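Note: the block below is data14.txt and it holds compact mmCIF, C-alpha atoms and all ligand atoms.
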# COMPACT_ATOMS: atom_id res chain seq x y z
CA MET V 1 31.25 7.83 -12.99
CA LEU V 2 29.42 5.67 -10.46
CA ILE V 3 25.70 5.05 -10.82
CA LEU V 4 23.30 3.25 -8.47
CA GLY V 5 20.51 1.61 -10.50
CA ILE V 6 17.14 0.77 -8.93
CA GLU V 7 14.35 -1.30 -10.49
CA THR V 8 10.94 -1.92 -8.87
CA SER V 9 8.48 -1.68 -11.76
CA CYS V 10 6.91 -5.13 -11.46
CA ASP V 11 7.76 -8.25 -9.48
CA GLU V 12 11.56 -8.08 -9.17
CA THR V 13 13.32 -5.80 -6.72
CA ALA V 14 16.78 -5.02 -8.07
CA ALA V 15 19.77 -2.80 -7.35
CA ALA V 16 23.15 -2.49 -9.09
CA ILE V 17 26.25 -0.33 -9.09
CA LEU V 18 27.72 0.61 -12.46
CA GLU V 19 31.08 2.18 -13.09
CA GLY V 20 31.31 4.01 -16.41
CA SER V 21 34.32 5.58 -18.08
CA ASP V 22 34.49 8.70 -20.24
CA ALA V 23 35.36 6.40 -23.14
CA GLY V 24 31.91 4.86 -22.81
CA GLU V 25 32.89 1.61 -21.15
CA ALA V 26 30.58 0.32 -18.44
CA ARG V 27 31.24 -2.29 -15.78
CA ILE V 28 28.85 -3.67 -13.20
CA LEU V 29 30.56 -3.71 -9.79
CA ALA V 30 27.71 -5.34 -7.86
CA GLU V 31 24.13 -6.38 -8.50
CA ARG V 32 21.27 -8.09 -6.70
CA ILE V 33 17.79 -9.22 -7.70
CA ALA V 34 15.06 -10.46 -5.36
CA SER V 35 12.31 -12.17 -7.27
CA GLN V 36 8.77 -12.18 -5.87
CA ILE V 37 7.68 -14.88 -8.30
CA ASP V 38 7.05 -17.53 -5.62
CA ILE V 39 4.73 -15.16 -3.76
CA HIS V 40 2.72 -14.13 -6.85
CA ALA V 41 2.68 -17.65 -8.37
CA ARG V 42 0.03 -18.64 -5.79
CA PHE V 43 -2.30 -16.08 -7.35
CA GLY V 44 -1.47 -16.96 -10.97
CA GLY V 45 -0.06 -13.49 -11.69
CA VAL V 46 1.34 -10.33 -10.12
CA VAL V 47 -0.77 -8.81 -7.32
CA PRO V 48 0.15 -5.08 -7.39
CA GLU V 49 -0.43 -4.38 -3.68
CA ILE V 50 1.73 -7.31 -2.61
CA ALA V 51 4.44 -6.29 -5.10
CA SER V 52 4.67 -2.80 -3.54
CA ARG V 53 4.96 -4.19 -0.01
CA GLU V 54 7.65 -6.65 -1.02
CA HIS V 55 9.68 -3.92 -2.77
CA LEU V 56 9.44 -1.76 0.33
CA ALA V 57 10.90 -4.51 2.50
CA ALA V 58 13.54 -5.70 0.04
CA LEU V 59 14.97 -2.52 -1.46
CA PRO V 60 16.78 -0.71 1.42
CA PRO V 61 18.87 -3.70 2.59
CA MET V 62 19.57 -4.59 -1.03
CA VAL V 63 20.98 -1.13 -1.82
CA ASN V 64 23.20 -1.38 1.27
CA ALA V 65 24.38 -4.80 0.12
CA VAL V 66 25.39 -3.70 -3.40
CA MET V 67 27.11 -0.59 -2.04
CA ASP V 68 29.06 -2.74 0.43
CA GLU V 69 30.01 -5.25 -2.23
CA ALA V 70 31.16 -2.55 -4.64
CA ALA V 71 32.92 -0.70 -1.78
CA VAL V 72 31.04 2.47 -2.70
CA ASP V 73 29.53 4.99 -0.28
CA TRP V 74 26.99 7.72 -0.91
CA GLU V 75 29.64 10.43 -1.28
CA LYS V 76 31.22 8.58 -4.19
CA LEU V 77 27.98 8.08 -6.15
CA ASP V 78 27.48 10.45 -9.10
CA MET V 79 23.93 9.48 -9.95
CA ILE V 80 20.95 7.39 -8.92
CA ALA V 81 19.02 5.88 -11.84
CA VAL V 82 15.51 4.63 -11.12
CA THR V 83 12.79 3.09 -13.27
CA ALA V 84 10.08 5.74 -13.62
CA GLY V 85 7.80 3.68 -15.91
CA PRO V 86 6.10 1.92 -17.52
CA GLY V 87 5.01 -0.43 -14.76
CA LEU V 88 2.75 -0.79 -11.74
CA MET V 89 2.08 2.59 -10.12
CA GLY V 90 2.56 1.49 -6.49
CA ALA V 91 5.63 -0.58 -7.31
CA LEU V 92 7.25 2.28 -9.26
CA LEU V 93 6.58 4.69 -6.41
CA VAL V 94 8.54 2.56 -3.94
CA GLY V 95 11.71 2.77 -6.04
CA ILE V 96 11.18 6.43 -6.93
CA SER V 97 10.50 7.52 -3.34
CA TYR V 98 13.58 5.70 -2.12
CA ALA V 99 15.75 7.14 -4.90
CA ARG V 100 14.46 10.67 -4.30
CA ALA V 101 14.98 10.50 -0.55
CA ALA V 102 18.51 9.11 -0.92
CA GLY V 103 19.28 11.70 -3.60
CA LEU V 104 18.01 14.56 -1.47
CA VAL V 105 19.85 13.54 1.68
CA ASN V 106 23.13 12.84 -0.13
CA ASP V 107 22.86 15.53 -2.79
CA ILE V 108 22.94 13.13 -5.74
CA PRO V 109 20.98 13.71 -8.98
CA VAL V 110 18.23 11.18 -9.70
CA MET V 111 17.67 10.18 -13.34
CA PRO V 112 14.22 8.76 -14.28
CA VAL V 113 14.71 5.81 -16.64
CA HIS V 114 12.29 4.30 -19.15
CA HIS V 115 12.10 0.58 -18.37
CA MET V 116 11.72 -0.48 -22.00
CA GLN V 117 14.58 1.73 -23.16
CA ALA V 118 16.70 0.01 -20.52
CA HIS V 119 15.67 -3.44 -21.86
CA LEU V 120 16.52 -2.29 -25.36
CA PHE V 121 20.10 -1.32 -24.53
CA ALA V 122 20.76 -4.34 -22.28
CA PRO V 123 22.86 -6.15 -24.96
CA GLY V 124 25.52 -3.48 -24.29
CA LEU V 125 26.11 -4.89 -20.80
CA GLY V 126 29.23 -7.00 -20.91
CA GLN V 127 29.06 -7.08 -24.70
CA ARG V 128 28.88 -4.35 -27.28
CA LEU V 129 25.97 -2.42 -28.73
CA PRO V 130 25.49 -2.41 -32.50
CA ASP V 131 26.16 0.78 -34.44
CA PHE V 132 23.13 2.99 -34.99
CA PRO V 133 20.68 2.57 -36.58
CA PHE V 134 19.51 -0.86 -35.51
CA ILE V 135 16.19 -2.69 -35.30
CA THR V 136 15.02 -3.98 -31.92
CA LEU V 137 12.43 -6.58 -31.11
CA LEU V 138 11.30 -5.79 -27.57
CA VAL V 139 9.43 -8.73 -26.09
CA SER V 140 8.35 -8.71 -22.46
CA GLY V 141 5.34 -9.50 -20.31
CA GLY V 142 3.54 -6.32 -21.33
CA HIS V 143 5.12 -5.27 -24.63
CA THR V 144 5.82 -6.62 -28.08
CA MET V 145 7.31 -3.93 -30.28
CA LEU V 146 9.57 -3.53 -33.28
CA ILE V 147 11.56 -0.34 -33.03
CA ARG V 148 14.11 1.39 -35.21
CA VAL V 149 16.73 2.92 -32.93
CA ASP V 150 18.54 5.87 -34.53
CA ASP V 151 20.34 7.02 -31.38
CA VAL V 152 19.94 7.07 -27.60
CA GLY V 153 16.43 8.46 -27.11
CA ARG V 154 15.62 8.49 -30.83
CA PHE V 155 13.18 5.69 -31.45
CA HIS V 156 10.74 5.01 -34.24
CA LEU V 157 7.97 2.50 -33.56
CA LEU V 158 7.60 0.21 -36.59
CA GLY V 159 5.00 -2.17 -35.23
CA GLN V 160 3.53 -3.56 -32.05
CA THR V 161 1.00 -6.03 -30.77
CA LEU V 162 -2.64 -5.19 -31.33
CA ASP V 163 -3.68 -7.24 -28.30
CA ASP V 164 -1.67 -9.61 -26.06
CA ALA V 165 2.10 -9.29 -25.73
CA ALA V 166 4.27 -12.33 -26.55
CA GLY V 167 5.11 -12.81 -22.85
CA GLU V 168 1.43 -12.55 -22.00
CA CYS V 169 0.68 -15.25 -24.60
CA PHE V 170 3.25 -17.51 -22.93
CA ASP V 171 1.76 -16.72 -19.50
CA LYS V 172 -1.87 -17.25 -20.54
CA SER V 173 -1.11 -20.42 -22.53
CA ALA V 174 0.80 -21.79 -19.54
CA ARG V 175 -2.23 -21.24 -17.36
CA LEU V 176 -4.37 -23.19 -19.86
CA LEU V 177 -1.88 -26.04 -19.60
CA GLY V 178 -2.01 -25.92 -15.80
CA LEU V 179 1.55 -24.57 -15.50
CA PRO V 180 2.69 -22.01 -12.93
CA TYR V 181 3.35 -18.27 -13.40
CA PRO V 182 5.48 -17.00 -15.13
CA GLY V 183 4.50 -19.09 -18.09
CA GLY V 184 7.47 -18.45 -20.40
CA PRO V 185 10.09 -20.42 -18.48
CA ALA V 186 7.49 -23.10 -17.57
CA ILE V 187 6.50 -23.66 -21.23
CA ALA V 188 10.14 -23.60 -22.33
CA GLN V 189 11.02 -26.31 -19.82
CA LEU V 190 8.05 -28.51 -20.73
CA ALA V 191 8.76 -28.03 -24.46
CA GLN V 192 12.16 -29.67 -24.19
CA GLY V 193 12.10 -32.82 -26.28
CA GLY V 194 8.55 -32.07 -27.48
CA ASN V 195 7.46 -32.19 -31.10
CA PRO V 196 6.82 -28.59 -32.28
CA ARG V 197 4.94 -29.84 -35.37
CA ARG V 198 2.45 -32.08 -33.56
CA PHE V 199 -0.22 -29.38 -33.06
CA PRO V 200 -0.81 -27.04 -36.03
CA LEU V 201 -1.26 -23.72 -34.21
CA PRO V 202 -1.84 -20.47 -36.14
CA ARG V 203 0.96 -17.98 -36.89
CA PRO V 204 -1.10 -14.79 -36.53
CA MET V 205 -0.41 -11.87 -38.90
CA LEU V 206 2.49 -13.72 -40.50
CA ASN V 207 1.33 -13.14 -44.03
CA ARG V 208 0.57 -9.46 -43.62
CA ASP V 209 3.12 -6.98 -44.84
CA ASP V 210 2.91 -4.72 -41.81
CA LEU V 211 5.00 -5.16 -38.68
CA ASN V 212 2.20 -5.54 -36.13
CA PHE V 213 1.53 -8.61 -34.05
CA SER V 214 -1.56 -10.26 -32.57
CA PHE V 215 -1.35 -13.10 -30.09
CA SER V 216 -4.85 -13.40 -28.67
CA GLY V 217 -5.96 -15.74 -31.50
CA LEU V 218 -3.06 -18.05 -30.75
CA LYS V 219 -4.07 -18.16 -27.10
CA THR V 220 -7.65 -19.08 -28.15
CA ALA V 221 -6.30 -21.82 -30.45
CA VAL V 222 -4.31 -23.20 -27.52
CA MET V 223 -7.49 -23.25 -25.45
CA HIS V 224 -9.39 -25.21 -28.14
CA THR V 225 -6.48 -27.62 -28.55
CA VAL V 226 -6.30 -28.29 -24.80
CA ARG V 227 -10.06 -28.95 -24.76
CA LYS V 228 -9.75 -31.43 -27.62
CA ILE V 229 -7.31 -33.61 -25.70
CA PRO V 230 -9.42 -35.44 -23.13
CA ASP V 231 -8.05 -35.48 -19.58
CA ILE V 232 -7.40 -39.17 -19.85
CA GLU V 233 -5.09 -38.65 -22.82
CA ARG V 234 -3.13 -35.77 -21.37
CA LYS V 235 0.01 -37.76 -21.19
CA PRO V 236 3.28 -35.99 -20.45
CA GLU V 237 4.26 -36.25 -24.13
CA ASP V 238 0.97 -34.58 -25.20
CA MET V 239 1.72 -31.63 -22.94
CA SER V 240 5.32 -31.50 -24.00
CA ASP V 241 4.35 -31.52 -27.71
CA LEU V 242 1.78 -28.79 -27.10
CA ALA V 243 4.30 -26.62 -25.22
CA ALA V 244 6.81 -27.08 -28.07
CA SER V 245 4.10 -26.21 -30.62
CA ILE V 246 3.20 -23.00 -28.73
CA GLU V 247 6.84 -21.98 -28.44
CA ALA V 248 7.39 -22.62 -32.16
CA ALA V 249 4.31 -20.62 -33.19
CA ILE V 250 5.37 -17.59 -31.15
CA ALA V 251 8.99 -17.84 -32.28
CA ASP V 252 8.07 -18.18 -35.98
CA VAL V 253 6.05 -14.96 -35.89
CA LEU V 254 8.61 -12.98 -33.88
CA VAL V 255 11.52 -14.03 -36.08
CA ALA V 256 9.71 -13.50 -39.39
CA LYS V 257 8.47 -10.01 -38.49
CA SER V 258 11.85 -8.93 -37.09
CA VAL V 259 13.62 -10.03 -40.25
CA ARG V 260 10.99 -8.25 -42.33
CA ALA V 261 11.62 -5.06 -40.32
CA CYS V 262 15.35 -5.28 -41.10
CA GLU V 263 14.60 -5.79 -44.78
CA GLN V 264 12.02 -3.02 -45.03
CA GLN V 265 14.28 -0.55 -43.24
CA ASP V 266 17.40 -1.81 -44.97
CA VAL V 267 19.14 -2.11 -41.59
CA PRO V 268 21.16 -5.33 -41.13
CA ARG V 269 21.54 -5.08 -37.33
CA LEU V 270 18.94 -6.73 -35.10
CA VAL V 271 18.61 -6.63 -31.31
CA MET V 272 16.22 -8.82 -29.34
CA ALA V 273 15.60 -7.86 -25.71
CA GLY V 274 13.08 -8.21 -22.86
CA GLY V 275 12.04 -11.20 -20.75
CA VAL V 276 10.92 -13.38 -23.68
CA ALA V 277 14.38 -12.93 -25.26
CA ALA V 278 15.55 -15.39 -22.57
CA ASN V 279 13.80 -18.15 -24.53
CA THR V 280 16.43 -20.55 -25.88
CA CYS V 281 14.37 -21.81 -28.81
CA LEU V 282 13.72 -18.21 -29.91
CA ARG V 283 17.39 -17.26 -29.51
CA GLU V 284 18.46 -20.22 -31.64
CA GLN V 285 15.93 -19.38 -34.35
CA PHE V 286 17.11 -15.77 -34.41
CA GLU V 287 20.72 -16.81 -34.76
CA THR V 288 20.03 -19.37 -37.48
CA LYS V 289 17.89 -17.02 -39.53
CA ALA V 290 20.32 -14.13 -39.11
CA GLU V 291 23.21 -16.23 -40.31
CA VAL V 292 21.33 -17.25 -43.44
CA LEU V 293 20.39 -13.65 -44.21
CA GLY V 294 23.66 -12.03 -43.18
CA LEU V 295 22.17 -10.01 -40.31
CA ASP V 296 24.12 -9.16 -37.16
CA VAL V 297 22.13 -10.28 -34.14
CA PHE V 298 22.60 -8.90 -30.62
CA MET V 299 20.95 -10.37 -27.53
CA PRO V 300 21.59 -9.63 -23.87
CA ASP V 301 23.09 -12.29 -21.61
CA LEU V 302 20.26 -14.37 -20.18
CA LYS V 303 20.38 -12.60 -16.79
CA TYR V 304 19.93 -9.22 -18.50
CA CYS V 305 16.86 -10.29 -20.52
CA THR V 306 14.45 -10.33 -17.58
CA ASP V 307 14.09 -7.38 -15.20
CA ASN V 308 17.29 -6.20 -13.50
CA ALA V 309 18.86 -2.99 -12.22
CA ALA V 310 22.13 -3.17 -14.18
CA MET V 311 20.19 -2.24 -17.34
CA ILE V 312 18.60 0.73 -15.53
CA ALA V 313 21.99 2.10 -14.49
CA TYR V 314 23.37 1.41 -17.97
CA SER V 315 20.53 3.25 -19.69
CA ALA V 316 21.14 6.28 -17.44
CA PHE V 317 24.85 6.08 -18.26
CA LEU V 318 24.12 6.09 -22.01
CA GLN V 319 21.67 8.97 -21.61
CA ASN V 320 24.23 10.92 -19.61
CA GLN V 321 26.88 10.30 -22.25
CA ALA V 322 24.45 11.43 -24.95
CA GLY V 323 24.03 14.72 -23.07
CA ASP V 324 20.51 14.11 -21.73
CA THR V 325 19.66 16.33 -18.80
CA ILE V 326 17.35 15.41 -15.95
CA PRO V 327 13.94 17.07 -16.34
CA ASP V 328 13.10 19.63 -13.62
CA GLU V 329 9.88 17.85 -12.84
CA TRP V 330 9.09 14.23 -13.39
CA ASP V 331 6.94 11.54 -11.83
CA ALA V 332 6.06 7.87 -12.05
CA LYS V 333 4.58 7.05 -15.45
CA PRO V 334 2.73 3.70 -15.36
CA ARG V 335 2.10 4.23 -19.09
CA TRP V 336 4.94 5.79 -21.00
CA PRO V 337 5.27 5.40 -24.79
CA LEU V 338 8.83 4.84 -25.96
CA SER V 339 8.78 6.55 -29.31
CA LYS V 340 8.39 10.29 -29.50
O1 LIG J 401 10.98 -8.22 -19.19
P1 LIG J 401 10.29 -9.01 -18.16
O2 LIG J 401 11.11 -9.67 -17.09
O3 LIG J 401 9.22 -8.14 -17.42
C1 LIG J 401 8.48 -7.18 -18.08
O4 LIG J 401 9.02 -6.05 -18.25
O5 LIG J 401 7.35 -7.54 -18.50
O6 LIG J 401 9.43 -10.10 -18.96
C2 LIG J 401 8.61 -11.02 -18.31
C3 LIG J 401 8.00 -11.95 -19.35
C4 LIG J 401 6.97 -12.92 -18.79
O7 LIG J 401 5.82 -12.90 -19.62
C5 LIG J 401 7.66 -14.26 -18.86
O8 LIG J 401 6.78 -15.36 -19.04
C6 LIG J 401 8.58 -14.07 -20.06
O9 LIG J 401 9.03 -12.75 -19.97
N1 LIG J 401 9.73 -14.99 -20.04
C7 LIG J 401 9.93 -15.95 -20.95
C8 LIG J 401 11.11 -16.65 -20.55
N2 LIG J 401 11.59 -16.04 -19.40
C9 LIG J 401 10.72 -15.02 -19.11
N3 LIG J 401 9.24 -16.29 -22.04
C10 LIG J 401 9.69 -17.33 -22.77
N4 LIG J 401 10.78 -18.07 -22.44
C11 LIG J 401 11.53 -17.75 -21.35
N5 LIG J 401 12.61 -18.48 -21.05
ZN ZN J 402 10.88 -5.69 -18.04

Once more with this new file: its structure as structure tokens, please.
Ligand code: KG4
Ligand code: ZN
Amino acid sequence: MLILGIETSCDETAAAILEGSDAGEARILAERIASQIDIHARFGGVVPEIASREHLAALPPMVNAVMDEAAVDWEKLDMIAVTAGPGLMGALLVGISYARAAGLVNDIPVMPVHHMQAHLFAPGLGQRLPDFPFITLLVSGGHTMLIRVDDVGRFHLLGQTLDDAAGECFDKSARLLGLPYPGGPAIAQLAQGGNPRRFPLPRPMLNRDDLNFSFSGLKTAVMHTVRKIPDIERKPEDMSDLAASIEAAIADVLVAKSVRACEQQDVPRLVMAGGVAANTCLREQFETKAEVLGLDVFMPDLKYCTDNAAMIAYSAFLQNQAGDTIPDEWDAKPRWPLSK
């Protein structure tokens, strides 16, 4: 089957064409992403109204481009998959309105896709998904969750952040260091060659048995640390050491809690997905720890960690294969819990 995937939930406009076989194999025939990061960076974060306008301009020519590249026309498409939430209301509505109009005119069903479910299954793109059940650490700009996945659509929330998400902690810490938005890649770049043990930052909630996270205290500790280094001493190596220390503190907590989830649930398969999963230091720590403990670790290719439309089409494909039907009525859901 051929699926057009559309993603407009935040600051990336994306479209992709997926070809799926009855045997469950999926192949991406064409994909495009237009990032709005340069536009929002001036404001230090995503401006919802601007995001909607940019999606509106970027999406129609992008869909034409992926259809051309994949040599697919509307008659051949079996399904349109579109992010229905969670995300920014106006931004979601651009993708949904486009998908609905195209579906209506061309008589193609439109499947609403949960953005975080799509992140969660992204390791299946170009690689293979672990057998069920598996544990997933979902780490993005707005979410930090540990989830037990028993099947497509069968999720059990094991823990989540009580305040800031891991990506948010990267973004806010970056701002304190005077780095541009988005903060994750900026901190990761600055951290290269830095000493992660130079600044003793807290590892919040590490010693608690539960699987929840809290990152706002770490952000506050970063603020105090920045204040303690006078301007005159903010040498490049100070900033690099601080970035490395922040990265290490976040990674330590994420890795420890994910491993604990696997142990508590007695499930030796671990997936890490979402924008923060693009962090090299975190990926390395996951792999090292998993090897020591005999866990199988699955992570999406770097380009499928951050927002993209291939994962939206792939999630719809998996849902379709699992026998999910499209609800009669559905709408944009800016807030949409994953676990039922
Ligand atoms: O999944 P995503 O693209 O969008 C959401 O659904 O939120 O995640 C964006 C988040 C941002 O907070 C960004 O700073 C973070 O992912 N991020 C990273 C890296 N690349 C993106 N964080 C750490 N290291 C990275 N390399
Ligand atoms: Zn995302």

Taking a cut-off of 12 Å and counting only C-alpha atoms and all ligand atoms, can you build a table that, for each residue of chain V near ligand ZN 402 (chain J), reports the nearest atom pair and how far apart they are in Å (one decimal), sorted by chain then residue number, as CSV?
residue,atom,partner,partner_atom,distance
V:Glu7,CA,J:ZN402,ZN,9.4
V:Thr8,CA,J:ZN402,ZN,9.9
V:Ser9,CA,J:ZN402,ZN,7.8
V:Cys10,CA,J:ZN402,ZN,7.7
V:Asp11,CA,J:ZN402,ZN,9.5
V:Glu12,CA,J:ZN402,ZN,9.2
V:Thr13,CA,J:ZN402,ZN,11.6
V:Ala14,CA,J:ZN402,ZN,11.6
V:Thr83,CA,J:ZN402,ZN,10.2
V:Gly85,CA,J:ZN402,ZN,10.1
V:Pro86,CA,J:ZN402,ZN,9.0
V:Gly87,CA,J:ZN402,ZN,8.5
V:Leu88,CA,J:ZN402,ZN,11.4
V:His114,CA,J:ZN402,ZN,10.1
V:His115,CA,J:ZN402,ZN,6.4
V:Met116,CA,J:ZN402,ZN,6.6
V:Gln117,CA,J:ZN402,ZN,9.7
V:Ala118,CA,J:ZN402,ZN,8.5
V:His119,CA,J:ZN402,ZN,6.5
V:Leu120,CA,J:ZN402,ZN,9.8
V:Ala122,CA,J:ZN402,ZN,10.8
V:Leu138,CA,J:ZN402,ZN,9.5
V:Val139,CA,J:ZN402,ZN,8.7
V:Ser140,CA,J:ZN402,ZN,5.9
V:Gly141,CA,J:ZN402,ZN,7.1
V:Gly142,CA,J:ZN402,ZN,8.1
V:His143,CA,J:ZN402,ZN,8.8
V:Thr144,CA,J:ZN402,ZN,11.3
V:Gly167,CA,J:ZN402,ZN,10.4
V:Ala273,CA,J:ZN402,ZN,9.3
V:Gly274,CA,J:ZN402,ZN,5.9
V:Gly275,CA,J:ZN402,ZN,6.2
V:Val276,CA,J:ZN402,ZN,9.5
V:Ala277,CA,J:ZN402,ZN,10.8
V:Ala278,CA,J:ZN402,ZN,11.7
V:Lys303,CA,J:ZN402,ZN,11.8
V:Tyr304,CA,J:ZN402,ZN,9.7
V:Cys305,CA,J:ZN402,ZN,7.9
V:Thr306,CA,J:ZN402,ZN,5.9
V:Asp307,CA,J:ZN402,ZN,4.6
V:Asn308,CA,J:ZN402,ZN,7.9
V:Ala309,CA,J:ZN402,ZN,10.2
V:Met311,CA,J:ZN402,ZN,10.0
V:Ile312,CA,J:ZN402,ZN,10.3

Quiz item: Taking all atoms listed in the file into account, which of V:Met239, V:Leu190, V:Ile17, V:Ile135 comes nearest ligand LIG 401 (chain J)?
Solution: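 Checking each candidate against ligand LIG 401 (chain J), we get V:Leu190 as the closest.
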
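For the choices V:Val297, V:Tyr98, V:Val82, V:Pro327, the atom-to-atom distance to V:Pro61 is smallest for V:Tyr98 when using all atoms listed in the file.
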
Quiz item: Of the candidates V:Arg234, V:Arg197, V:Lys219, V:Arg42, which shows the shortest atom-to-atom distance to V:Ala165, using all atoms listed in the file?
Solution: V:Lys219

Report the closest atom pair, with its distance in Å rounded to one decimal, for each residue of stretch 132-201 of chain V that has an atom no farther than 12 Å from stretch 223-226 of chain V; count only C-alpha atoms, sort by chain and then rising residue number, and write it as JSON lines.
{"residue": "V:Cys169", "atom": "CA", "partner": "V:Met223", "partner_atom": "CA", "distance": 11.5}
{"residue": "V:Lys172", "atom": "CA", "partner": "V:Met223", "partner_atom": "CA", "distance": 9.6}
{"residue": "V:Ser173", "atom": "CA", "partner": "V:Met223", "partner_atom": "CA", "distance": 7.6}
{"residue": "V:Ala174", "atom": "CA", "partner": "V:Met223", "partner_atom": "CA", "distance": 10.3}
{"residue": "V:Arg175", "atom": "CA", "partner": "V:Met223", "partner_atom": "CA", "distance": 9.9}
{"residue": "V:Leu176", "atom": "CA", "partner": "V:Met223", "partner_atom": "CA", "distance": 6.4}
{"residue": "V:Leu177", "atom": "CA", "partner": "V:Val226", "partner_atom": "CA", "distance": 7.2}
{"residue": "V:Gly178", "atom": "CA", "partner": "V:Val226", "partner_atom": "CA", "distance": 10.2}
{"residue": "V:Arg198", "atom": "CA", "partner": "V:Thr225", "partner_atom": "CA", "distance": 11.2}
{"residue": "V:Phe199", "atom": "CA", "partner": "V:Thr225", "partner_atom": "CA", "distance": 7.9}
{"residue": "V:Pro200", "atom": "CA", "partner": "V:Thr225", "partner_atom": "CA", "distance": 9.4}
{"residue": "V:Leu201", "atom": "CA", "partner": "V:Thr225", "partner_atom": "CA", "distance": 8.6}

Quiz prompt | Exercise: V:Asp151 partners within 12 Å, all atoms listed in the file, chain neighbours under 5 positions left out, as a list in words | solution = Gln117, Leu120, Phe121, Leu129, Pro130, Asp131, Phe132, Pro133, Phe134, Ile135, His156, Leu318, Gln319, Gln321, Ala322, Gly323, Asp324 and Ser339 of chain V

Quiz item: Can you tell me how far atom CA of V:Ala243 sits from atom CA of V:Pro204, in Å to one decimal?
Solution: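 For atom CA of V:Ala243 relative to atom CA of V:Pro204, the distance reads 17.2 Å.
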
Practice problem: Take atom CA of V:Ile229 and atom CA of V:Leu179 and report the distance between them in Å, one decimal. | Solution: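 Calculated distance between atom CA of V:Ile229 and atom CA of V:Leu179 is 16.3 Å.
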
Quiz item: From the list V:Asp266, V:Asp296, V:Glu168, V:Asp78, which residue is nearest ligand LIG 401 (chain J) when using all atoms listed in the file?
Solution: V:Glu168

Exercise. Calculate how many Å separate atom CA of V:Glu25 from atom CA of V:Leu125, rounding to one decimal.
Key: 9.4 Å

Could you put an axis-aligned box around every listed atom of ligand LIG 401 (chain J), padded by 3 Å on each side, and send me its centre and edge lengths in Å to one decimal, as AutoDock Vina command-line options?
--center_x 9.2 --center_y -12.3 --center_z -19.9 --size_x 12.8 --size_y 18.4 --size_z 11.7

Exercise. For each of V:Val255, V:Val110, V:Leu18, V:Val149, take the minimum atom-to-atom distance to V:Thr325, counting all atoms listed in the file, then give the residue where this is smallest.
Key: V:Val110

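Distances here use only C-alpha atoms and all ligand atoms; by that measure, the residue among V:Asp171, V:Val222, V:Asn320, V:Met205 closest to ligand LIG 401 (chain J) is V:Asp171.
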
Exercise. In the coordinates of the file, take the point (8.7, -14.5, -43.9) and a cut-off of 10 Å; then, counting all atoms listed in the file, name each qualifying protein, DNA or RNA residue as a list in words.
Key: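 Within 10 Å of (8.7, -14.5, -43.9), the protein and nucleic acid residues are Leu206, Asn207, Arg208, Asp209, Asp252, Val253, Val255, Ala256, Lys257, Ser258, Val259 and Arg260 of chain V.
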